[in-house]
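Q: I'm passing along target.cif; it holds mmCIF, C-alpha atoms.
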data_final
#
loop_
_atom_site.label_atom_id
_atom_site.label_comp_id
_atom_site.auth_asym_id
_atom_site.auth_seq_id
_atom_site.Cartn_x
_atom_site.Cartn_y
_atom_site.Cartn_z
CA MET A 28 -18.78 -10.56 -12.54
CA THR A 29 -15.93 -11.09 -10.08
CA LYS A 30 -17.00 -10.43 -6.52
CA PRO A 31 -14.92 -7.92 -4.57
CA ALA A 32 -12.81 -9.47 -1.84
CA ASP A 33 -11.54 -7.95 1.37
CA VAL A 34 -7.91 -8.78 0.68
CA SER A 35 -5.97 -8.00 3.83
CA THR A 36 -2.22 -7.61 4.12
CA LYS A 37 -2.15 -10.68 6.36
CA LYS A 38 -3.77 -12.76 3.61
CA LEU A 39 -1.30 -11.48 1.02
CA ILE A 40 1.75 -12.36 3.11
CA SER A 41 0.36 -15.73 4.22
CA LEU A 42 0.36 -16.93 0.58
CA ALA A 43 4.10 -17.70 0.76
CA PRO A 44 5.40 -16.54 4.16
CA ASN A 45 8.87 -18.08 3.85
CA ASN A 46 9.58 -16.41 0.50
CA TRP A 47 8.15 -13.14 1.81
CA ILE A 48 10.28 -12.90 4.97
CA ARG A 49 13.42 -13.96 3.10
CA TRP A 50 12.77 -11.14 0.65
CA VAL A 51 12.00 -8.41 3.22
CA THR A 52 14.88 -9.36 5.57
CA GLN A 53 17.41 -10.61 2.96
CA ILE A 54 18.22 -13.47 5.39
CA PRO A 55 18.31 -16.58 3.16
CA ASP A 56 17.97 -19.32 5.80
CA ILE A 57 15.11 -17.73 7.74
CA VAL A 58 11.98 -19.84 8.37
CA ALA A 59 8.52 -18.40 9.04
CA GLY A 60 6.51 -19.62 11.98
CA GLU A 61 3.22 -18.37 13.36
CA ILE A 62 1.59 -15.13 12.21
CA LEU A 63 0.97 -13.49 15.59
CA ASN A 64 -1.72 -11.24 16.97
CA SER A 65 -0.50 -7.67 16.43
CA GLU A 66 -3.12 -5.89 18.52
CA PHE A 67 -1.41 -4.17 21.43
CA GLN A 68 -3.02 -3.40 24.77
CA TRP A 69 -1.88 0.23 24.93
CA ILE A 70 -2.90 1.36 21.45
CA SER A 71 -5.93 0.53 19.33
CA ARG A 72 -4.03 0.51 16.05
CA GLU A 73 -2.70 -2.82 14.76
CA SER A 74 0.58 -3.13 12.93
CA ASP A 75 0.00 -4.91 9.65
CA VAL A 76 1.59 -8.35 10.02
CA LEU A 77 3.78 -9.70 12.81
CA ILE A 78 5.51 -13.05 12.13
CA ARG A 79 7.51 -15.22 14.51
CA VAL A 80 10.60 -16.49 12.63
CA SER A 81 13.82 -18.34 13.29
CA SER A 82 17.22 -18.72 11.63
CA PRO A 83 20.42 -20.61 12.55
CA GLN A 84 22.37 -17.37 12.80
CA HIS A 85 19.90 -15.13 14.66
CA GLY A 86 17.71 -17.58 16.56
CA ASP A 87 14.05 -16.75 17.20
CA PHE A 88 12.81 -13.21 16.52
CA LEU A 89 9.87 -11.26 15.10
CA VAL A 90 9.47 -9.69 11.65
CA LEU A 91 7.14 -6.71 11.77
CA ASN A 92 5.70 -5.87 8.32
CA GLU A 93 4.15 -2.41 8.03
CA LEU A 94 2.58 -1.74 4.61
CA GLN A 95 1.65 1.85 3.82
CA LEU A 96 -0.32 2.94 0.77
CA ARG A 97 1.74 6.15 0.94
CA TYR A 98 4.60 7.13 3.22
CA GLN A 99 3.68 9.52 6.03
CA SER A 100 6.06 11.73 7.97
CA ASN A 101 5.15 10.17 11.33
CA MET A 102 6.21 6.66 10.26
CA PRO A 103 9.68 6.69 11.94
CA ARG A 104 8.09 7.29 15.36
CA ARG A 105 5.38 4.72 14.66
CA MET A 106 7.94 2.10 13.62
CA ARG A 107 9.77 2.67 16.89
CA THR A 108 6.51 2.30 18.81
CA TYR A 109 5.35 -0.87 17.05
CA ALA A 110 8.75 -2.55 17.38
CA ALA A 111 8.91 -1.80 21.12
CA LEU A 112 5.35 -3.00 21.76
CA ALA A 113 5.95 -6.22 19.81
CA GLU A 114 9.12 -6.93 21.81
CA GLU A 115 7.30 -6.22 25.08
CA LYS A 116 4.37 -8.48 24.21
CA TYR A 117 6.34 -11.50 22.92
CA ASN A 118 9.72 -11.00 24.64
CA LEU A 119 11.60 -11.41 21.37
CA PRO A 120 13.82 -9.04 19.34
CA THR A 121 12.07 -7.43 16.36
CA TYR A 122 13.12 -6.82 12.76
CA PRO A 123 10.84 -3.97 11.54
CA VAL A 124 10.15 -3.49 7.82
CA LEU A 125 8.29 -0.54 6.28
CA ILE A 126 6.88 -1.25 2.80
CA ASN A 127 5.66 1.83 0.90
CA ILE A 128 3.33 1.12 -2.02
CA LEU A 129 2.80 4.39 -3.94
CA LYS A 130 5.43 7.06 -4.54
CA THR A 131 4.37 10.54 -3.45
CA SER A 132 7.61 12.53 -3.76
CA ASN A 133 11.31 12.27 -4.58
CA ASN A 134 12.32 12.92 -0.98
CA GLU A 135 14.48 10.25 0.64
CA ILE A 136 12.52 8.14 3.13
CA PRO A 137 14.25 7.77 6.54
CA THR A 138 15.38 4.32 7.65
CA ASN A 139 15.50 5.07 11.38
CA PHE A 140 14.00 7.05 14.24
CA THR A 141 16.33 9.06 16.47
CA SER A 142 15.85 11.44 19.35
CA ASN A 143 18.23 13.03 21.88
CA ILE A 144 16.87 14.64 25.03
CA GLY A 145 19.49 15.86 27.49
CA GLY A 146 22.01 13.37 26.16
CA LEU A 147 19.62 10.40 26.39
CA ARG A 148 19.23 8.86 22.97
CA ALA A 149 16.53 6.70 21.42
CA ILE A 150 17.36 4.96 18.14
CA GLN A 151 15.26 2.57 16.09
CA ASP A 152 16.49 1.27 12.75
CA TYR A 153 14.10 -0.37 10.28
CA ARG A 154 14.29 -1.56 6.70
CA VAL A 155 12.50 0.46 4.01
CA ILE A 156 11.18 -1.17 0.83
CA ASN A 157 9.66 1.13 -1.80
CA LEU A 158 7.66 -0.99 -4.23
CA TRP A 159 8.22 1.43 -7.13
CA GLU A 160 11.95 0.62 -6.87
CA ILE A 161 11.45 -3.17 -6.96
CA ASP A 162 12.06 -4.95 -10.27
CA VAL A 163 8.79 -6.50 -11.43
CA ASN A 164 10.57 -9.74 -12.42
CA ILE A 165 11.08 -10.56 -8.74
CA ALA A 166 7.34 -11.20 -8.38
CA PHE A 167 7.50 -13.90 -11.06
CA GLN A 168 10.95 -15.42 -10.49
CA GLN A 169 11.28 -15.99 -6.72
CA PRO A 170 8.24 -16.51 -6.77
CA LEU A 171 6.51 -13.94 -4.61
CA PRO A 172 2.73 -14.29 -5.11
CA SER A 173 2.20 -11.60 -2.47
CA LEU A 174 3.71 -9.09 -4.94
CA LEU A 175 1.62 -10.10 -7.97
CA PRO A 176 -1.28 -7.71 -7.18
CA PHE A 177 1.25 -4.85 -7.04
CA VAL A 178 2.80 -5.65 -10.44
CA PRO A 179 1.50 -2.46 -12.18
CA ILE A 180 3.33 -0.17 -9.75
CA LEU A 181 6.56 -2.19 -9.55
CA LYS A 182 9.55 -1.03 -11.61
CA GLY A 183 8.87 -2.08 -15.19
CA GLY A 184 5.41 -3.39 -14.38
CA GLU A 185 3.36 -0.75 -16.19
CA ASN A 186 3.42 -2.77 -19.42
CA GLU A 187 0.05 -4.20 -20.49
CA SER A 188 1.50 -7.64 -21.34
CA ILE A 189 3.12 -7.96 -17.91
CA ILE A 190 -0.15 -7.03 -16.17
CA ARG A 191 -1.97 -9.65 -18.29
CA GLU A 192 0.65 -12.24 -17.29
CA ALA A 193 0.12 -11.45 -13.59
CA LEU A 194 -3.65 -11.68 -14.08
CA GLN A 195 -3.35 -15.13 -15.72
CA ILE A 196 -1.32 -16.43 -12.76
CA LEU A 197 -3.86 -15.07 -10.26
CA ARG A 198 -6.83 -16.52 -12.14
CA ALA A 199 -5.20 -19.95 -12.53
CA ASP A 200 -4.80 -20.41 -8.77
CA GLU A 201 -7.85 -20.77 -6.55
CA GLN A 202 -5.91 -19.33 -3.62
CA LEU A 203 -4.84 -16.26 -5.62
CA ASN A 204 -7.88 -15.36 -7.73
CA GLN A 205 -9.38 -13.11 -5.05
CA LEU A 206 -6.40 -10.79 -5.56
CA GLU A 207 -7.66 -9.77 -9.00
CA THR A 208 -9.41 -6.66 -7.66
CA VAL A 209 -6.17 -5.49 -6.04
CA LEU A 210 -4.29 -5.93 -9.31
CA ALA A 211 -7.03 -4.03 -11.16
CA PHE A 212 -6.92 -1.19 -8.66
CA PHE A 213 -3.19 -0.60 -9.12
CA ALA A 214 -3.50 -1.11 -12.90
CA THR A 215 -5.68 2.02 -13.03
CA PHE A 216 -2.61 4.05 -12.01
CA VAL A 217 -0.72 3.07 -15.17
CA LEU A 218 -3.36 2.14 -17.77
CA GLU A 219 -6.57 3.79 -18.93
CA ASN A 220 -9.62 2.44 -17.14
CA THR A 221 -11.22 1.29 -20.39
CA LEU A 222 -8.19 -0.94 -21.02
CA VAL A 223 -8.23 -2.24 -17.44
CA GLN A 224 -11.92 -3.02 -17.84
CA GLU A 225 -11.21 -4.89 -21.08
CA ILE A 226 -8.39 -6.89 -19.48
CA MET A 227 -10.37 -7.78 -16.36
CA ARG A 228 -13.70 -8.31 -18.16
CA TRP A 229 -15.82 -6.79 -15.43
CA ASP A 230 -17.35 -3.44 -14.54
CA MET A 231 -14.99 -0.93 -12.93
CA SER A 232 -17.60 -0.25 -10.23
CA VAL A 233 -16.19 -3.37 -8.54
CA LEU A 234 -13.14 -1.28 -7.62
CA ARG A 235 -15.26 1.03 -5.47
CA GLU A 236 -15.67 -1.88 -3.05
CA SER A 237 -11.98 -2.72 -3.06
CA PRO A 238 -10.26 -2.27 0.35
CA TRP A 239 -7.50 -0.25 -1.35
CA TYR A 240 -10.03 2.14 -2.90
CA GLN A 241 -11.68 2.49 0.51
CA GLU A 242 -8.25 3.20 2.01
CA ILE A 243 -7.89 6.24 -0.25
CA LEU A 244 -11.29 7.51 0.86
CA ARG A 245 -10.41 6.93 4.52
CA GLU A 246 -7.15 8.80 3.98
CA GLY A 247 -9.12 11.76 2.66
CA GLU A 248 -11.41 11.66 5.68
CA ALA A 249 -8.41 11.43 8.02
CA ARG A 250 -6.78 14.44 6.39
CA GLY A 251 -10.06 16.26 6.77
CA LYS A 252 -10.20 15.61 10.52
CA ALA A 253 -6.57 16.63 10.94
CA SER A 254 -6.64 19.89 9.02
CA GLY A 255 -10.27 20.87 8.64
CA GLU A 256 -12.46 18.60 6.54
CA LEU A 257 -12.59 20.83 3.48
CA ARG A 258 -8.83 21.32 3.29
CA GLY A 259 -8.25 17.64 4.04
CA ILE A 260 -10.38 16.45 1.12
CA LEU A 261 -8.72 19.00 -1.18
CA SER A 262 -5.31 17.69 -0.14
CA ALA A 263 -6.36 14.09 -0.85
CA ILE A 264 -7.70 15.09 -4.28
CA GLU A 265 -4.44 16.86 -5.11
CA ILE A 266 -2.30 13.86 -4.14
CA ASN A 267 -4.41 11.46 -6.18
CA LEU A 268 -4.49 13.75 -9.21
CA GLU A 269 -0.70 13.93 -9.19
CA LEU A 270 -0.30 10.18 -8.72
CA LYS A 271 -2.63 9.29 -11.57
CA PHE A 272 -2.28 12.13 -14.08
CA SER A 273 0.98 13.87 -13.05
CA ASP A 274 1.21 17.59 -13.86
CA ARG A 275 -1.86 17.49 -16.11
CA GLY A 276 -3.92 16.42 -13.12
CA LEU A 277 -2.58 19.21 -10.93
CA GLN A 278 -3.74 21.74 -13.54
CA LEU A 279 -7.30 21.04 -12.36
CA MET A 280 -6.58 22.10 -8.77
CA PRO A 281 -7.20 25.87 -9.22
CA GLN A 282 -10.73 25.05 -10.40
CA ILE A 283 -11.28 22.44 -7.68
CA ASN A 284 -10.03 24.82 -4.98
CA GLN A 285 -12.96 27.11 -5.77
CA ILE A 286 -15.47 24.41 -4.73
CA GLN A 287 -16.79 24.78 -1.19
CA ASP A 288 -19.40 21.98 -1.25
CA LEU A 289 -17.93 19.13 0.83
CA GLU A 290 -20.12 16.39 -0.68
CA ARG A 291 -19.20 17.49 -4.19
CA LEU A 292 -15.51 17.35 -3.29
CA LYS A 293 -15.95 13.82 -1.92
CA THR A 294 -17.59 12.84 -5.21
CA ILE A 295 -14.63 14.29 -7.12
CA LEU A 296 -12.19 12.32 -4.92
CA ARG A 297 -14.05 9.08 -5.64
CA ASN A 298 -14.04 9.79 -9.37
CA VAL A 299 -10.33 10.65 -9.53
CA VAL A 300 -9.52 7.02 -8.71
CA THR A 301 -11.75 5.51 -11.41
CA ALA A 302 -11.64 8.18 -14.15
CA ASN A 303 -10.17 7.20 -17.52
CA THR A 304 -8.93 10.60 -18.57
CA ILE A 305 -8.51 14.21 -17.53
CA GLU A 306 -11.40 15.03 -19.87
CA GLU A 307 -13.77 12.84 -17.84
CA LEU A 308 -12.85 14.73 -14.69
CA GLN A 309 -13.37 18.04 -16.45
CA GLN A 310 -16.90 16.94 -17.35
CA ILE A 311 -17.58 16.13 -13.69
CA LEU A 312 -16.27 19.56 -12.69
#
Represent the structure from my file as structure tokens, please.
A:
Amino acid sequence: MTKPADVSTKKLISLAPNNWIRWVTQIPDIVAGEILNSEFQWISRESDVLIRVSSPQHGDFLVLNELQLRYQSNMPRRMRTYAALAEEKYNLPTYPVLINILKTSNNEIPTNFTSNIGGLRAIQDYRVINLWEIDVNIAFQQPLPSLLPFVPILKGGENESIIREALQILRADEQLNQLETVLAFFATFVLENTLVQEIMRWDMSVLRESPWYQEILREGEARGKASGELRGILSAIEINLELKFSDRGLQLMPQINQIQDLERLKTILRNVVTANTIEELQQIL
């Protein structure tokens, strides 16, 4: 059985940093340097990956990569904060990039932060990359090994044969094979779990130890703390039902909303991620 790996964003990007930063910035002659410490003295939260880069046209600067499982409404302010703190710490201009992994709505995602208080303005632009809008062929052609684990949720990547192709590339490279659990996790959003299990040839319980699966659970806990734990878990369940099963999943919410047992709701949230079908969830309910 494949062992679960704690695959961090920093590890993903470090696989091919030059190709990655050329893709996120669209600056063809840019060269990656050191991946810097992104822990800032004034806040405990780390931005995902901060890379020192250089190019003939722009000189030395920083590329700040912020990967979000799902877009959150406070991201414009956070992007402004992270960019400013990075510039303060390293005394270099910053090119901020927000990469959103899973689509949660059709609303347009802002590409800047603006405020105006008494005529004093604050403006921070940043680039937005939504993975569901990215052609899956880019992962194979450029190549961008950092994108291979996300193949199932890229545009055109939901096809079983394409997911198998990505898996073969990951398994053939000793540096990439730890990314298999990440690929499997995102494959469960587009394929039935039984098929994912057949493709991967290991038990789906491995996914419960995946950092991305844990991120969904942490998100549910965070929502709980922000809006009352019961309502927070219900909100996380609703989002995940819609992501995985669309409108059919949301039809279960009236029944789930009647449940007041917090531990039972947490169990339901865990099972939404790994369930094969709506019928399996109905049995749990």
Q: Measuring between all atoms listed in the file, which one of A:Asn186, A:Ser173, A:Gln224, A:Thr138 shows the shortest distance to Leu206 in chain A?
A: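 Closest to Leu206 in chain A, using all atoms listed in the file: A:Ser173.
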Q: Please tabulate, as a Markdown table, the residues of range 121-209 of chain A that come within 12 Å of range 265-287 of chain A, each with its closest pair of atoms and the distance in Å to one decimal, counting only C-alpha atoms and ordering rows by chain, then residue number upward.
A:
| residue | atom | partner | partner_atom | distance |
| --- | --- | --- | --- | --- |
| A:Ile128 | CA | A:Leu270 | CA | 11.8 |
| A:Leu129 | CA | A:Leu270 | CA | 8.1 |
| A:Lys130 | CA | A:Leu270 | CA | 7.7 |
| A:Thr131 | CA | A:Leu270 | CA | 7.1 |
| A:Ser132 | CA | A:Leu270 | CA | 9.6 |
| A:Ile180 | CA | A:Leu270 | CA | 11.0 |
Q: Counting all atoms listed in the file, which of A:Val300, A:Leu181, A:Ile165, A:Ile264 gets nearest to Thr215 in chain A?
A: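 Of A:Val300, A:Leu181, A:Ile165, A:Ile264, the one nearest Thr215 in chain A is A:Val300, counting all atoms listed in the file.
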Q: Identify all residues satisfying the PyMOL selection byres ((chain A and resi 102) around 10) in the given file; provide them as a list in words.
A: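 Expected selection for the PyMOL selection byres ((chain A and resi 102) around 10) here is Glu93, Gln95, Tyr98, Gln99, Ser100, Asn101, Pro103, Arg104, Arg105, Met106, Arg107, Thr108, Leu125, Ile136, Pro137, Thr138, Asn139 and Phe140 of chain A.
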Q: Go ahead and compute the interatomic distance for CA of Ala166 in chain A and CA of Thr36 in chain A, in Å to one decimal.
A: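 These atoms are spaced 16.1 Å apart.
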Q: For this file, the PyMOL selection byres ((chain A and resi 153) around 7) selects which residues, as JSON, numbers by chain?
A: {"A": [122, 123, 124, 138, 139, 151, 152, 154, 155]}
Q: Between A:Ile126, A:Ala193, A:Leu158, A:Val80, which one has atoms that come closest to Pro170 in chain A, using all atoms listed in the file?
A: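 Of A:Ile126, A:Ala193, A:Leu158, A:Val80, the one nearest Pro170 in chain A is A:Ala193, counting all atoms listed in the file.
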Q: Please indicate the distance in Å from CA of Thr304 in chain A to CA of Asn133 in chain A, rounded to one decimal place.
A: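 Going from CA of Thr304 in chain A over to CA of Asn133 in chain A covers 24.7 Å.
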Q: Could you tell me, as a ChimeraX atom specification, exactly which residues end up selected when the PyMOL selection byres ((chain A and resi 197-204) around 10) is applied to this structure?
A: /A:29,32,38-39,42,172-173,175-176,191-196,205-208,210
Q: For the atom pair CA of Val90 in chain A and CA of Trp159 in chain A, what is the interatomic distance in Å to one decimal place?
A: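 Interatomic distance here is 21.9 Å.
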